[in-house]
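Asks: Have a look at this one before I ask anything.
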Amino acid sequence: MKNSYLDNKYLLTMMIAKRAKQLNQGYKPLVTINDKSNRLLALKEIEEGKVYVKGEKGLSPDESVENNVFS
């Protein structure tokens, strides 16, 4: 299933920026890549569905993981 926000370049840009900032602050990466760029790492996490917009997965706030859900 393709993430619908991958087609929305503005939302995708905001998600990448926010996740890259989290990675710069020391959050653990959710995927492994050979590149050291946090922007590319964030994009890969989003692409693989590891990071998503709150409400997209249908999880309640209690079930969501703090570092991979954006509100």
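Going by the structure tokens order, chains are called A, B, ..., each with residues numbered from 1, while ligands are numbered from 1 in the order shown.
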If we count only C-alpha atoms, what is near region 24-32 of chain A at a cut-off of 9 Å, once residues fewer than 3 positions away on the same chain are taken out, given as a ChimeraX atom specification?
Replies: /A:19-21,35,38,41-42,44-45,48,50-51,67-68
Asks: Please save C-alpha atoms of the selected residues as a PDB file, in the first residue's frame.
Replies:
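Once everything was written out, this is selection00.pdb:
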```pdb
ATOM      1  CA  ARG A  19      12.198  13.810  11.024  1.00  0.00           C
ATOM      2  CA  ALA A  20      15.675  14.997   9.949  1.00  0.00           C
ATOM      3  CA  LYS A  21      15.608  17.472  12.830  1.00  0.00           C
ATOM      4  CA  ASP A  35      24.291   7.423   3.209  1.00  0.00           C
ATOM      5  CA  ASN A  38      19.595  12.599   7.718  1.00  0.00           C
ATOM      6  CA  LEU A  41      17.354   8.620   6.017  1.00  0.00           C
ATOM      7  CA  ALA A  42      14.119  10.433   6.891  1.00  0.00           C
ATOM      8  CA  LYS A  44      13.605   6.235   3.446  1.00  0.00           C
ATOM      9  CA  GLU A  45      11.813   5.889   6.809  1.00  0.00           C
ATOM     10  CA  GLU A  48       8.993   2.324   4.157  1.00  0.00           C
ATOM     11  CA  LYS A  50       8.165   3.595   9.554  1.00  0.00           C
ATOM     12  CA  VAL A  51       7.285   7.281   9.976  1.00  0.00           C
ATOM     13  CA  ASN A  67       9.532   9.348  17.721  1.00  0.00           C
ATOM     14  CA  ASN A  68       7.821   8.113  14.586  1.00  0.00           C
TER      15      ASN A  68
END
```
Asks: Residues near Met15 (chain A), anyone? I mean within 10 Å using only C-alpha atoms, not counting same-chain ones fewer than 5 positions away, as a PDB file with C-alpha atoms, in the first residue's frame.
Replies:
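Heads up, here's the output in selection37.pdb:
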```pdb
ATOM      1  CA  TYR A   5       1.366  11.712   1.446  1.00  0.00           C
ATOM      2  CA  LYS A   9       5.254  17.283  -2.030  1.00  0.00           C
ATOM      3  CA  TYR A  10       4.535  19.968   0.578  1.00  0.00           C
ATOM      4  CA  ALA A  20      15.675  14.997   9.949  1.00  0.00           C
ATOM      5  CA  LYS A  21      15.608  17.472  12.830  1.00  0.00           C
ATOM      6  CA  ARG A  39      17.298  13.926   4.978  1.00  0.00           C
ATOM      7  CA  ALA A  42      14.119  10.433   6.891  1.00  0.00           C
ATOM      8  CA  LEU A  43      12.815   9.964   3.345  1.00  0.00           C
ATOM      9  CA  ILE A  46       8.746   7.624   5.392  1.00  0.00           C
ATOM     10  CA  VAL A  51       7.285   7.281   9.976  1.00  0.00           C
ATOM     11  CA  TYR A  52       3.806   8.568   9.286  1.00  0.00           C
ATOM     12  CA  VAL A  53       1.353  11.355  10.015  1.00  0.00           C
ATOM     13  CA  VAL A  69       4.431   9.816  14.648  1.00  0.00           C
ATOM     14  CA  PHE A  70       3.887  13.413  13.617  1.00  0.00           C
TER      15      PHE A  70
END
```
Asks: Can you work out the spacing between CA of Ile16 (chain A) and CA of Leu40 (chain A) in Å, to one decimal?
Replies: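 Distance between the two atoms: 8.3 Å.
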